[in-house]
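The file my_file_27.cif comes next; it holds mmCIF, N, CA and C atoms and all ligand atoms.
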```cif
data_model
loop_
_atom_site.label_atom_id
_atom_site.label_comp_id
_atom_site.auth_asym_id
_atom_site.auth_seq_id
_atom_site.Cartn_x
_atom_site.Cartn_y
_atom_site.Cartn_z
N MET A 1 -13.41 1.42 188.89
CA MET A 1 -13.52 0.73 187.60
C MET A 1 -14.99 0.36 187.33
N ILE A 2 -15.38 0.54 186.07
CA ILE A 2 -16.77 0.25 185.71
C ILE A 2 -17.00 -1.26 185.65
N ASP A 3 -18.11 -1.69 186.26
CA ASP A 3 -18.45 -3.10 186.20
C ASP A 3 -19.64 -3.24 185.25
N VAL A 4 -19.37 -3.72 184.01
CA VAL A 4 -20.47 -3.79 183.04
C VAL A 4 -21.50 -4.86 183.39
N SER A 5 -21.17 -5.72 184.34
CA SER A 5 -22.18 -6.69 184.74
C SER A 5 -23.35 -5.99 185.44
N GLU A 6 -23.14 -4.74 185.81
CA GLU A 6 -24.28 -3.95 186.33
C GLU A 6 -25.30 -3.69 185.23
N LEU A 7 -24.84 -3.74 183.98
CA LEU A 7 -25.70 -3.41 182.85
C LEU A 7 -26.25 -4.63 182.14
N PHE A 8 -25.48 -5.69 182.19
CA PHE A 8 -25.78 -6.79 181.28
C PHE A 8 -25.13 -8.09 181.75
N SER A 9 -25.88 -9.16 181.61
CA SER A 9 -25.32 -10.48 181.88
C SER A 9 -25.94 -11.46 180.88
N CYS A 10 -25.13 -12.02 180.03
CA CYS A 10 -25.66 -12.85 178.94
C CYS A 10 -26.32 -14.12 179.49
N THR A 11 -27.54 -14.38 179.01
CA THR A 11 -28.26 -15.58 179.44
C THR A 11 -28.03 -16.74 178.46
N ARG A 12 -27.29 -16.44 177.40
CA ARG A 12 -27.02 -17.42 176.34
C ARG A 12 -28.29 -17.90 175.67
N CYS A 13 -29.25 -17.00 175.55
CA CYS A 13 -30.52 -17.38 174.91
C CYS A 13 -30.33 -17.61 173.41
N GLY A 14 -29.31 -17.01 172.83
CA GLY A 14 -29.01 -17.22 171.42
C GLY A 14 -29.77 -16.33 170.46
N PHE A 15 -30.62 -15.47 171.00
CA PHE A 15 -31.46 -14.64 170.13
C PHE A 15 -30.62 -13.83 169.14
N CYS A 16 -29.54 -13.26 169.63
CA CYS A 16 -28.76 -12.35 168.79
C CYS A 16 -27.99 -13.08 167.69
N CYS A 17 -27.95 -14.39 167.74
CA CYS A 17 -27.23 -15.15 166.71
C CYS A 17 -28.21 -15.79 165.74
N HIS A 18 -29.51 -15.53 165.93
CA HIS A 18 -30.53 -16.12 165.07
C HIS A 18 -31.04 -15.13 164.03
N GLY A 19 -31.58 -15.68 162.96
CA GLY A 19 -32.10 -14.86 161.87
C GLY A 19 -31.49 -15.33 160.56
N GLU A 20 -32.00 -14.79 159.49
CA GLU A 20 -31.53 -15.22 158.16
C GLU A 20 -30.38 -14.37 157.65
N THR A 21 -30.04 -13.32 158.39
CA THR A 21 -28.87 -12.52 158.02
C THR A 21 -28.04 -12.33 159.28
N THR A 22 -26.82 -11.87 159.10
CA THR A 22 -25.97 -11.60 160.27
C THR A 22 -25.41 -10.19 160.14
N VAL A 23 -24.63 -9.79 161.11
CA VAL A 23 -23.93 -8.51 160.99
C VAL A 23 -22.94 -8.59 159.83
N SER A 24 -22.54 -7.43 159.35
CA SER A 24 -21.53 -7.37 158.28
C SER A 24 -20.14 -7.32 158.92
N LEU A 25 -19.20 -7.87 158.18
CA LEU A 25 -17.81 -7.88 158.67
C LEU A 25 -17.00 -6.84 157.89
N ASP A 26 -16.37 -5.92 158.60
CA ASP A 26 -15.44 -5.03 157.91
C ASP A 26 -14.10 -5.77 157.79
N ARG A 27 -13.14 -5.13 157.18
CA ARG A 27 -11.88 -5.84 156.92
C ARG A 27 -11.19 -6.27 158.22
N GLU A 28 -11.29 -5.41 159.22
CA GLU A 28 -10.69 -5.75 160.52
C GLU A 28 -11.35 -7.01 161.09
N ASP A 29 -12.67 -7.07 160.99
CA ASP A 29 -13.39 -8.27 161.46
C ASP A 29 -12.95 -9.51 160.68
N GLN A 30 -12.81 -9.32 159.37
CA GLN A 30 -12.43 -10.47 158.53
C GLN A 30 -11.06 -11.02 158.94
N LEU A 31 -10.12 -10.10 159.15
CA LEU A 31 -8.76 -10.54 159.51
C LEU A 31 -8.73 -11.20 160.88
N ARG A 32 -9.52 -10.65 161.82
CA ARG A 32 -9.60 -11.25 163.15
C ARG A 32 -10.17 -12.66 163.07
N MET A 33 -11.21 -12.80 162.24
CA MET A 33 -11.85 -14.11 162.12
C MET A 33 -10.91 -15.12 161.45
N LEU A 34 -10.22 -14.68 160.42
CA LEU A 34 -9.27 -15.58 159.74
C LEU A 34 -8.23 -16.08 160.73
N ALA A 35 -7.73 -15.17 161.55
CA ALA A 35 -6.71 -15.55 162.53
C ALA A 35 -7.28 -16.53 163.55
N ALA A 36 -8.49 -16.27 164.01
CA ALA A 36 -9.09 -17.14 165.02
C ALA A 36 -9.36 -18.54 164.46
N LEU A 37 -9.76 -18.58 163.21
CA LEU A 37 -10.06 -19.87 162.60
C LEU A 37 -8.80 -20.59 162.12
N ASP A 38 -7.74 -19.79 161.96
CA ASP A 38 -6.47 -20.33 161.46
C ASP A 38 -6.68 -21.06 160.13
N MET A 39 -7.40 -20.37 159.24
CA MET A 39 -7.69 -20.93 157.92
C MET A 39 -7.32 -19.91 156.86
N ASN A 40 -7.14 -20.36 155.64
CA ASN A 40 -6.85 -19.38 154.61
C ASN A 40 -8.14 -18.72 154.13
N GLU A 41 -7.99 -17.56 153.56
CA GLU A 41 -9.16 -16.74 153.26
C GLU A 41 -10.09 -17.39 152.24
N ASP A 42 -9.52 -18.05 151.24
CA ASP A 42 -10.39 -18.67 150.23
C ASP A 42 -11.31 -19.72 150.86
N ASP A 43 -10.75 -20.51 151.78
CA ASP A 43 -11.57 -21.54 152.42
C ASP A 43 -12.64 -20.94 153.32
N VAL A 44 -12.27 -19.87 154.03
CA VAL A 44 -13.25 -19.23 154.91
C VAL A 44 -14.36 -18.60 154.08
N ARG A 45 -13.97 -17.96 152.98
CA ARG A 45 -14.97 -17.38 152.09
C ARG A 45 -15.94 -18.46 151.61
N GLU A 46 -15.41 -19.57 151.26
CA GLU A 46 -16.22 -20.67 150.73
C GLU A 46 -17.13 -21.27 151.81
N GLN A 47 -16.56 -21.49 152.99
CA GLN A 47 -17.30 -22.24 154.02
C GLN A 47 -18.19 -21.37 154.90
N TYR A 48 -17.71 -20.15 155.20
CA TYR A 48 -18.38 -19.41 156.28
C TYR A 48 -18.98 -18.06 155.89
N TRP A 49 -18.54 -17.48 154.79
CA TRP A 49 -18.99 -16.11 154.50
C TRP A 49 -19.98 -16.07 153.35
N ARG A 50 -20.90 -15.17 153.48
CA ARG A 50 -21.85 -14.88 152.41
C ARG A 50 -21.42 -13.52 151.84
N ILE A 51 -20.98 -13.54 150.61
CA ILE A 51 -20.37 -12.34 150.05
C ILE A 51 -21.21 -11.78 148.92
N SER A 52 -21.55 -10.51 149.06
CA SER A 52 -22.24 -9.84 147.95
C SER A 52 -21.31 -8.74 147.45
N GLU A 53 -21.81 -7.96 146.53
CA GLU A 53 -20.97 -6.91 145.94
C GLU A 53 -20.39 -6.00 147.01
N LYS A 54 -21.23 -5.64 147.99
CA LYS A 54 -20.78 -4.65 148.97
C LYS A 54 -20.53 -5.18 150.37
N THR A 55 -21.06 -6.33 150.69
CA THR A 55 -20.94 -6.77 152.09
C THR A 55 -20.43 -8.20 152.23
N VAL A 56 -19.81 -8.41 153.35
CA VAL A 56 -19.43 -9.77 153.76
C VAL A 56 -20.18 -10.03 155.06
N GLN A 57 -20.96 -11.07 155.05
CA GLN A 57 -21.65 -11.49 156.27
C GLN A 57 -21.27 -12.95 156.53
N MET A 58 -21.69 -13.45 157.65
CA MET A 58 -21.52 -14.87 157.91
C MET A 58 -22.71 -15.62 157.31
N LYS A 59 -22.48 -16.80 156.85
CA LYS A 59 -23.59 -17.61 156.35
C LYS A 59 -24.53 -17.96 157.50
N THR A 60 -25.75 -18.30 157.16
CA THR A 60 -26.67 -18.81 158.18
C THR A 60 -27.05 -20.25 157.84
N VAL A 61 -27.32 -21.00 158.88
CA VAL A 61 -27.73 -22.39 158.74
C VAL A 61 -28.89 -22.62 159.71
N ASP A 62 -29.97 -23.17 159.21
CA ASP A 62 -31.14 -23.45 160.07
C ASP A 62 -31.57 -22.22 160.86
N GLY A 63 -31.50 -21.06 160.23
CA GLY A 63 -32.01 -19.83 160.87
C GLY A 63 -31.10 -19.22 161.90
N HIS A 64 -29.83 -19.61 161.89
CA HIS A 64 -28.89 -18.95 162.81
C HIS A 64 -27.52 -18.82 162.15
N CYS A 65 -26.71 -17.98 162.72
CA CYS A 65 -25.34 -17.81 162.23
C CYS A 65 -24.63 -19.16 162.19
N ILE A 66 -23.84 -19.34 161.17
CA ILE A 66 -23.17 -20.64 160.99
C ILE A 66 -22.25 -20.98 162.17
N PHE A 67 -21.85 -19.97 162.93
CA PHE A 67 -20.96 -20.23 164.07
C PHE A 67 -21.71 -20.47 165.37
N TYR A 68 -23.02 -20.38 165.33
CA TYR A 68 -23.77 -20.55 166.57
C TYR A 68 -23.95 -22.04 166.89
N ARG A 69 -23.36 -22.42 168.01
CA ARG A 69 -23.53 -23.80 168.47
C ARG A 69 -23.72 -23.76 169.98
N ASP A 70 -24.91 -23.34 170.39
CA ASP A 70 -25.19 -23.14 171.81
C ASP A 70 -24.12 -22.21 172.41
N GLY A 71 -23.84 -21.15 171.71
CA GLY A 71 -22.77 -20.22 172.05
C GLY A 71 -22.00 -19.93 170.77
N CYS A 72 -21.07 -19.03 170.85
CA CYS A 72 -20.34 -18.63 169.66
C CYS A 72 -19.09 -19.49 169.48
N ALA A 73 -19.03 -20.19 168.34
CA ALA A 73 -17.89 -21.08 168.08
C ALA A 73 -16.67 -20.33 167.56
N VAL A 74 -16.81 -19.03 167.35
CA VAL A 74 -15.65 -18.25 166.89
C VAL A 74 -15.46 -17.04 167.82
N HIS A 75 -15.63 -17.32 169.09
CA HIS A 75 -15.72 -16.25 170.08
C HIS A 75 -14.59 -15.22 169.98
N SER A 76 -13.36 -15.66 169.94
CA SER A 76 -12.25 -14.70 169.93
C SER A 76 -12.14 -13.98 168.58
N GLY A 77 -12.79 -14.53 167.56
CA GLY A 77 -12.69 -13.91 166.24
C GLY A 77 -14.00 -13.35 165.75
N ARG A 78 -14.94 -13.16 166.65
CA ARG A 78 -16.25 -12.70 166.20
C ARG A 78 -16.19 -11.22 165.82
N PRO A 79 -17.13 -10.77 164.97
CA PRO A 79 -17.15 -9.38 164.53
C PRO A 79 -17.33 -8.41 165.69
N HIS A 80 -16.82 -7.21 165.53
CA HIS A 80 -16.90 -6.25 166.64
C HIS A 80 -18.34 -5.93 167.01
N ARG A 81 -19.24 -6.00 166.03
CA ARG A 81 -20.64 -5.71 166.37
C ARG A 81 -21.23 -6.80 167.26
N CYS A 82 -20.78 -8.02 167.08
CA CYS A 82 -21.23 -9.10 167.97
C CYS A 82 -20.66 -8.86 169.37
N ALA A 83 -19.38 -8.46 169.43
CA ALA A 83 -18.75 -8.24 170.73
C ALA A 83 -19.40 -7.07 171.46
N GLN A 84 -19.85 -6.10 170.70
CA GLN A 84 -20.43 -4.90 171.30
C GLN A 84 -21.85 -5.14 171.82
N TRP A 85 -22.57 -6.00 171.13
CA TRP A 85 -23.97 -6.27 171.50
C TRP A 85 -24.06 -6.80 172.93
N PRO A 86 -25.04 -6.37 173.72
CA PRO A 86 -26.14 -5.47 173.41
C PRO A 86 -25.89 -4.02 173.88
N LEU A 87 -24.66 -3.74 174.28
CA LEU A 87 -24.40 -2.41 174.86
C LEU A 87 -24.02 -1.43 173.75
N HIS A 88 -24.97 -1.18 172.89
CA HIS A 88 -24.72 -0.35 171.72
C HIS A 88 -24.79 1.14 172.08
N PRO A 89 -23.85 1.93 171.57
CA PRO A 89 -23.85 3.36 171.91
C PRO A 89 -25.14 4.09 171.55
N SER A 90 -25.91 3.55 170.60
CA SER A 90 -27.17 4.22 170.21
C SER A 90 -28.14 4.27 171.37
N ILE A 91 -27.93 3.42 172.38
CA ILE A 91 -28.78 3.46 173.58
C ILE A 91 -28.72 4.84 174.21
N LEU A 92 -27.54 5.46 174.13
CA LEU A 92 -27.37 6.77 174.76
C LEU A 92 -28.16 7.86 174.05
N ASP A 93 -28.46 7.61 172.77
CA ASP A 93 -29.14 8.64 171.97
C ASP A 93 -30.63 8.71 172.22
N ASP A 94 -31.20 7.57 172.55
CA ASP A 94 -32.67 7.51 172.53
C ASP A 94 -33.16 6.37 173.42
N GLU A 95 -34.08 6.68 174.29
CA GLU A 95 -34.62 5.64 175.18
C GLU A 95 -35.32 4.55 174.38
N ASN A 96 -35.85 4.91 173.21
CA ASN A 96 -36.49 3.89 172.37
C ASN A 96 -35.51 2.80 171.98
N ASN A 97 -34.28 3.21 171.70
CA ASN A 97 -33.25 2.22 171.36
C ASN A 97 -33.01 1.29 172.53
N PHE A 98 -32.99 1.87 173.71
CA PHE A 98 -32.82 1.08 174.94
C PHE A 98 -33.97 0.06 175.07
N ASN A 99 -35.19 0.53 174.83
CA ASN A 99 -36.34 -0.36 174.95
C ASN A 99 -36.32 -1.47 173.91
N ILE A 100 -35.97 -1.09 172.70
CA ILE A 100 -35.95 -2.09 171.61
C ILE A 100 -34.88 -3.14 171.89
N ILE A 101 -33.69 -2.69 172.28
CA ILE A 101 -32.60 -3.64 172.55
C ILE A 101 -32.93 -4.49 173.76
N SER A 102 -33.53 -3.88 174.77
CA SER A 102 -33.90 -4.65 175.96
C SER A 102 -34.91 -5.74 175.64
N GLU A 103 -35.80 -5.44 174.70
CA GLU A 103 -36.79 -6.44 174.33
C GLU A 103 -36.16 -7.60 173.57
N SER A 104 -35.05 -7.31 172.87
CA SER A 104 -34.38 -8.36 172.11
C SER A 104 -33.43 -9.18 172.97
N CYS A 105 -32.91 -8.55 174.00
CA CYS A 105 -31.86 -9.20 174.78
C CYS A 105 -32.25 -9.30 176.25
N PRO A 106 -32.55 -10.53 176.71
CA PRO A 106 -32.96 -10.69 178.10
C PRO A 106 -31.83 -10.46 179.10
N GLY A 107 -30.60 -10.32 178.59
CA GLY A 107 -29.47 -10.09 179.49
C GLY A 107 -29.35 -8.66 179.99
N ILE A 108 -30.02 -7.75 179.30
CA ILE A 108 -29.99 -6.33 179.70
C ILE A 108 -30.68 -6.16 181.05
N LYS A 109 -30.04 -5.43 181.94
CA LYS A 109 -30.65 -5.20 183.26
C LYS A 109 -31.49 -3.94 183.21
N LYS A 110 -32.62 -4.11 182.57
CA LYS A 110 -33.52 -2.99 182.33
C LYS A 110 -34.01 -2.37 183.63
N GLU A 111 -34.06 -3.21 184.66
CA GLU A 111 -34.63 -2.77 185.93
C GLU A 111 -33.84 -1.64 186.58
N ILE A 112 -32.62 -1.42 186.16
CA ILE A 112 -31.85 -0.33 186.80
C ILE A 112 -32.30 1.04 186.29
N GLY A 113 -33.09 1.03 185.21
CA GLY A 113 -33.64 2.28 184.70
C GLY A 113 -32.74 2.92 183.64
N TYR A 114 -33.40 3.63 182.75
CA TYR A 114 -32.69 4.20 181.59
C TYR A 114 -31.60 5.18 182.02
N GLU A 115 -31.92 6.04 182.94
CA GLU A 115 -30.94 7.08 183.31
C GLU A 115 -29.67 6.48 183.90
N ARG A 116 -29.85 5.58 184.83
CA ARG A 116 -28.67 4.96 185.46
C ARG A 116 -27.90 4.11 184.45
N PHE A 117 -28.66 3.42 183.61
CA PHE A 117 -28.03 2.59 182.59
C PHE A 117 -27.12 3.46 181.71
N CYS A 118 -27.66 4.58 181.27
CA CYS A 118 -26.89 5.47 180.38
C CYS A 118 -25.67 6.05 181.10
N LYS A 119 -25.85 6.35 182.35
CA LYS A 119 -24.74 6.92 183.10
C LYS A 119 -23.57 5.93 183.13
N ILE A 120 -23.88 4.68 183.43
CA ILE A 120 -22.81 3.67 183.52
C ILE A 120 -22.24 3.37 182.13
N LEU A 121 -23.14 3.26 181.15
CA LEU A 121 -22.68 2.95 179.79
C LEU A 121 -21.79 4.07 179.26
N SER A 122 -22.22 5.28 179.49
CA SER A 122 -21.47 6.43 179.02
C SER A 122 -20.09 6.48 179.66
N ARG A 123 -20.05 6.21 180.96
CA ARG A 123 -18.77 6.22 181.67
C ARG A 123 -17.87 5.10 181.13
N SER A 124 -18.48 3.96 180.87
CA SER A 124 -17.71 2.83 180.35
C SER A 124 -17.11 3.16 179.00
N LEU A 125 -17.94 3.76 178.13
CA LEU A 125 -17.46 4.07 176.79
C LEU A 125 -16.37 5.13 176.85
N SER A 126 -16.58 6.13 177.69
CA SER A 126 -15.60 7.21 177.74
C SER A 126 -14.28 6.75 178.36
N GLU A 127 -14.36 5.79 179.23
CA GLU A 127 -13.12 5.25 179.81
C GLU A 127 -12.47 4.23 178.88
N ASN A 128 -13.16 3.98 177.78
CA ASN A 128 -12.66 3.02 176.81
C ASN A 128 -12.41 1.66 177.47
N ALA A 129 -13.23 1.38 178.49
CA ALA A 129 -13.04 0.13 179.22
C ALA A 129 -14.01 -0.93 178.75
N LEU A 130 -14.96 -0.54 177.92
CA LEU A 130 -16.05 -1.44 177.61
C LEU A 130 -15.64 -2.61 176.72
N LEU A 131 -14.97 -2.33 175.61
CA LEU A 131 -14.70 -3.42 174.67
C LEU A 131 -13.85 -4.53 175.27
N PRO A 132 -12.74 -4.19 175.95
CA PRO A 132 -11.97 -5.30 176.52
C PRO A 132 -12.80 -6.13 177.48
N LYS A 133 -13.68 -5.49 178.24
CA LYS A 133 -14.50 -6.24 179.18
C LYS A 133 -15.48 -7.12 178.42
N LEU A 134 -16.07 -6.55 177.36
CA LEU A 134 -17.06 -7.31 176.63
C LEU A 134 -16.45 -8.55 176.00
N PHE A 135 -15.22 -8.41 175.54
CA PHE A 135 -14.59 -9.58 174.94
C PHE A 135 -14.52 -10.72 175.94
N ARG A 136 -14.51 -10.37 177.24
CA ARG A 136 -14.43 -11.43 178.23
C ARG A 136 -15.79 -11.93 178.65
N ILE A 137 -16.81 -11.03 178.69
CA ILE A 137 -18.05 -11.48 179.33
C ILE A 137 -19.14 -11.92 178.37
N VAL A 138 -19.13 -11.43 177.10
CA VAL A 138 -20.27 -11.73 176.23
C VAL A 138 -20.12 -13.12 175.64
N LYS A 139 -21.10 -13.93 175.89
CA LYS A 139 -21.20 -15.26 175.31
C LYS A 139 -19.92 -16.07 175.42
N LYS A 140 -19.42 -16.18 176.62
CA LYS A 140 -18.24 -17.03 176.83
C LYS A 140 -18.60 -18.45 176.51
S1 LIG B 201 -26.33 -11.20 174.23
FE1 LIG B 201 -28.47 -11.06 174.84
S2 LIG B 201 -29.65 -11.85 173.08
FE2 LIG B 201 -27.52 -12.51 172.85
S3 LIG B 201 -27.39 -14.55 173.77
FE3 LIG B 201 -26.82 -13.07 175.37
S4 LIG B 201 -28.73 -12.62 176.44
FE4 LIG B 201 -29.30 -13.57 174.49
S1 LIG B 202 -20.23 -14.68 165.16
FE1 LIG B 202 -20.75 -15.61 167.09
S2 LIG B 202 -21.72 -13.97 168.28
FE2 LIG B 202 -21.72 -13.32 166.13
S3 LIG B 202 -23.73 -13.98 165.33
FE3 LIG B 202 -22.24 -15.60 164.90
S4 LIG B 202 -22.43 -17.06 166.62
FE4 LIG B 202 -23.36 -15.09 167.24
#
```

Show the structure stored in the file as structure tokens.
Amino acid sequence: MIDVSELFSCTRCGFCCHGETTVSLDREDQLRMLAALDMNEDDVREQYWRISEKTVQMKTVDGHCIFYRDGCAVHSGRPHRCAQWPLHPSILDDENNFNIISESCPGIKKEIGYERFCKILSRSLSENALLPKLFRIVKK
């Protein structure tokens, strides 16, 4: 079984939850978040989402995602892109992506080297074992 802690261990630095924009939520993300918050959609739209013509994002407060409170306050309902971070499949395409993501996320175990990292990541993705594991380990 693949152990993704070989690739990544979250330091809870909060970097990925900071900024003036957030990831976009697709409909699946929206429904997951509504269920986790146990709120009706109108209230969530009003309180937590920033909605434009084409995208739904989370609002930001003081330069971070509205759900960031020294960790993710909507952990079980967070968007899939948050759950996937930082082990993004684009790492497999290009070492530059690996370098850029490693610079953003101190949890990446860059020291194992790009080739080994890709080997483990690729195996994890192909075994479809990554997402369930990430739901448990990222920003608990
Ligand atoms: S996932 Fe990476 S950037 Fe985000 S809080 Fe954890 S260590 Fe920091
Ligand atoms: S939903 Fe959670 S993990 Fe995603 S940006 Fe907001 S606080 Fe961070």

Would you mind writing down, as number ranges by chain, each residue of segment 37-107 of chain A that DSSP on the backbone assigns to helix (DSSP H, G or I)?
A: 37, 41-47, 75-77, 80-84, 89-92, 95-104

With N, CA and C atoms retained, could you export that selection as a JSON list (two decimals), in the frame of the given file?
```json
[["chain", "number", "residue", "atom", "x", "y", "z"],
["A", 37, "LEU", "N", -9.76, -18.58, 163.21],
["A", 37, "LEU", "CA", -10.06, -19.87, 162.60],
["A", 37, "LEU", "C", -8.80, -20.59, 162.12],
["A", 41, "GLU", "N", -7.99, -17.56, 153.56],
["A", 41, "GLU", "CA", -9.16, -16.74, 153.26],
["A", 41, "GLU", "C", -10.09, -17.39, 152.24],
["A", 42, "ASP", "N", -9.52, -18.05, 151.24],
["A", 42, "ASP", "CA", -10.39, -18.67, 150.23],
["A", 42, "ASP", "C", -11.31, -19.72, 150.86],
["A", 43, "ASP", "N", -10.75, -20.51, 151.78],
["A", 43, "ASP", "CA", -11.57, -21.54, 152.42],
["A", 43, "ASP", "C", -12.64, -20.94, 153.32],
["A", 44, "VAL", "N", -12.27, -19.87, 154.03],
["A", 44, "VAL", "CA", -13.25, -19.23, 154.91],
["A", 44, "VAL", "C", -14.36, -18.60, 154.08],
["A", 45, "ARG", "N", -13.97, -17.96, 152.98],
["A", 45, "ARG", "CA", -14.97, -17.38, 152.09],
["A", 45, "ARG", "C", -15.94, -18.46, 151.61],
["A", 46, "GLU", "N", -15.41, -19.57, 151.26],
["A", 46, "GLU", "CA", -16.22, -20.67, 150.73],
["A", 46, "GLU", "C", -17.13, -21.27, 151.81],
["A", 47, "GLN", "N", -16.56, -21.49, 152.99],
["A", 47, "GLN", "CA", -17.30, -22.24, 154.02],
["A", 47, "GLN", "C", -18.19, -21.37, 154.90],
["A", 75, "HIS", "N", -15.63, -17.32, 169.09],
["A", 75, "HIS", "CA", -15.72, -16.25, 170.08],
["A", 75, "HIS", "C", -14.59, -15.22, 169.98],
["A", 76, "SER", "N", -13.36, -15.66, 169.94],
["A", 76, "SER", "CA", -12.25, -14.70, 169.93],
["A", 76, "SER", "C", -12.14, -13.98, 168.58],
["A", 77, "GLY", "N", -12.79, -14.53, 167.56],
["A", 77, "GLY", "CA", -12.69, -13.91, 166.24],
["A", 77, "GLY", "C", -14.00, -13.35, 165.75],
["A", 80, "HIS", "N", -16.82, -7.21, 165.53],
["A", 80, "HIS", "CA", -16.90, -6.25, 166.64],
["A", 80, "HIS", "C", -18.34, -5.93, 167.01],
["A", 81, "ARG", "N", -19.24, -6.00, 166.03],
["A", 81, "ARG", "CA", -20.64, -5.71, 166.37],
["A", 81, "ARG", "C", -21.23, -6.80, 167.26],
["A", 82, "CYS", "N", -20.78, -8.02, 167.08],
["A", 82, "CYS", "CA", -21.23, -9.10, 167.97],
["A", 82, "CYS", "C", -20.66, -8.86, 169.37],
["A", 83, "ALA", "N", -19.38, -8.46, 169.43],
["A", 83, "ALA", "CA", -18.75, -8.24, 170.73],
["A", 83, "ALA", "C", -19.40, -7.07, 171.46],
["A", 84, "GLN", "N", -19.85, -6.10, 170.70],
["A", 84, "GLN", "CA", -20.43, -4.90, 171.30],
["A", 84, "GLN", "C", -21.85, -5.14, 171.82],
["A", 89, "PRO", "N", -23.85, 1.93, 171.57],
["A", 89, "PRO", "CA", -23.85, 3.36, 171.91],
["A", 89, "PRO", "C", -25.14, 4.09, 171.55],
["A", 90, "SER", "N", -25.91, 3.55, 170.60],
["A", 90, "SER", "CA", -27.17, 4.22, 170.21],
["A", 90, "SER", "C", -28.14, 4.27, 171.37],
["A", 91, "ILE", "N", -27.93, 3.42, 172.38],
["A", 91, "ILE", "CA", -28.78, 3.46, 173.58],
["A", 91, "ILE", "C", -28.72, 4.84, 174.21],
["A", 92, "LEU", "N", -27.54, 5.46, 174.13],
["A", 92, "LEU", "CA", -27.37, 6.77, 174.76],
["A", 92, "LEU", "C", -28.16, 7.86, 174.05],
["A", 95, "GLU", "N", -34.08, 6.68, 174.29],
["A", 95, "GLU", "CA", -34.62, 5.64, 175.18],
["A", 95, "GLU", "C", -35.32, 4.55, 174.38],
["A", 96, "ASN", "N", -35.85, 4.91, 173.21],
["A", 96, "ASN", "CA", -36.49, 3.89, 172.37],
["A", 96, "ASN", "C", -35.51, 2.80, 171.98],
["A", 97, "ASN", "N", -34.28, 3.21, 171.70],
["A", 97, "ASN", "CA", -33.25, 2.22, 171.36],
["A", 97, "ASN", "C", -33.01, 1.29, 172.53],
["A", 98, "PHE", "N", -32.99, 1.87, 173.71],
["A", 98, "PHE", "CA", -32.82, 1.08, 174.94],
["A", 98, "PHE", "C", -33.97, 0.06, 175.07],
["A", 99, "ASN", "N", -35.19, 0.53, 174.83],
["A", 99, "ASN", "CA", -36.34, -0.36, 174.95],
["A", 99, "ASN", "C", -36.32, -1.47, 173.91],
["A", 100, "ILE", "N", -35.97, -1.09, 172.70],
["A", 100, "ILE", "CA", -35.95, -2.09, 171.61],
["A", 100, "ILE", "C", -34.88, -3.14, 171.89],
["A", 101, "ILE", "N", -33.69, -2.69, 172.28],
["A", 101, "ILE", "CA", -32.60, -3.64, 172.55],
["A", 101, "ILE", "C", -32.93, -4.49, 173.76],
["A", 102, "SER", "N", -33.53, -3.88, 174.77],
["A", 102, "SER", "CA", -33.90, -4.65, 175.96],
["A", 102, "SER", "C", -34.91, -5.74, 175.64],
["A", 103, "GLU", "N", -35.80, -5.44, 174.70],
["A", 103, "GLU", "CA", -36.79, -6.44, 174.33],
["A", 103, "GLU", "C", -36.16, -7.60, 173.57],
["A", 104, "SER", "N", -35.05, -7.31, 172.87],
["A", 104, "SER", "CA", -34.38, -8.36, 172.11],
["A", 104, "SER", "C", -33.43, -9.18, 172.97]]
```

Identify, counting only C-alpha atoms and all ligand atoms, the protein, DNA and RNA residues located within 8 Å of ligand LIG 202 (chain B), and give them as a PyMOL selection string.
chain A and resi 14+16-18+22-23+58+64-69+71-75+77-79+81-83+139

Show me which residues are within 5 Å of ligand LIG 201 (chain B) counting all atoms listed in the file, and format the list as a ChimeraX atom specification.
/A:10-16,104-107

Please produce an output containing N, CA and C atoms for each residue in the selection, written as an mmCIF file, in the frame of the given file.
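Just written: part24.cif:
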```cif
data_model
loop_
_atom_site.group_PDB
_atom_site.id
_atom_site.type_symbol
_atom_site.label_atom_id
_atom_site.label_comp_id
_atom_site.auth_asym_id
_atom_site.auth_seq_id
_atom_site.Cartn_x
_atom_site.Cartn_y
_atom_site.Cartn_z
ATOM 1 N N CYS A 10 -25.130 -12.020 180.030
ATOM 2 C CA CYS A 10 -25.660 -12.850 178.940
ATOM 3 C C CYS A 10 -26.320 -14.120 179.490
ATOM 4 N N THR A 11 -27.540 -14.380 179.010
ATOM 5 C CA THR A 11 -28.260 -15.580 179.440
ATOM 6 C C THR A 11 -28.030 -16.740 178.460
ATOM 7 N N ARG A 12 -27.290 -16.440 177.400
ATOM 8 C CA ARG A 12 -27.020 -17.420 176.340
ATOM 9 C C ARG A 12 -28.290 -17.900 175.670
ATOM 10 N N CYS A 13 -29.250 -17.000 175.550
ATOM 11 C CA CYS A 13 -30.520 -17.380 174.910
ATOM 12 C C CYS A 13 -30.330 -17.610 173.410
ATOM 13 N N GLY A 14 -29.310 -17.010 172.830
ATOM 14 C CA GLY A 14 -29.010 -17.220 171.420
ATOM 15 C C GLY A 14 -29.770 -16.330 170.460
ATOM 16 N N PHE A 15 -30.620 -15.470 171.000
ATOM 17 C CA PHE A 15 -31.460 -14.640 170.130
ATOM 18 C C PHE A 15 -30.620 -13.830 169.140
ATOM 19 N N CYS A 16 -29.540 -13.260 169.630
ATOM 20 C CA CYS A 16 -28.760 -12.350 168.790
ATOM 21 C C CYS A 16 -27.990 -13.080 167.690
ATOM 22 N N SER A 104 -35.050 -7.310 172.870
ATOM 23 C CA SER A 104 -34.380 -8.360 172.110
ATOM 24 C C SER A 104 -33.430 -9.180 172.970
ATOM 25 N N CYS A 105 -32.910 -8.550 174.000
ATOM 26 C CA CYS A 105 -31.860 -9.200 174.780
ATOM 27 C C CYS A 105 -32.250 -9.300 176.250
ATOM 28 N N PRO A 106 -32.550 -10.530 176.710
ATOM 29 C CA PRO A 106 -32.960 -10.690 178.100
ATOM 30 C C PRO A 106 -31.830 -10.460 179.100
ATOM 31 N N GLY A 107 -30.600 -10.320 178.590
ATOM 32 C CA GLY A 107 -29.470 -10.090 179.490
ATOM 33 C C GLY A 107 -29.350 -8.660 179.990
#
```
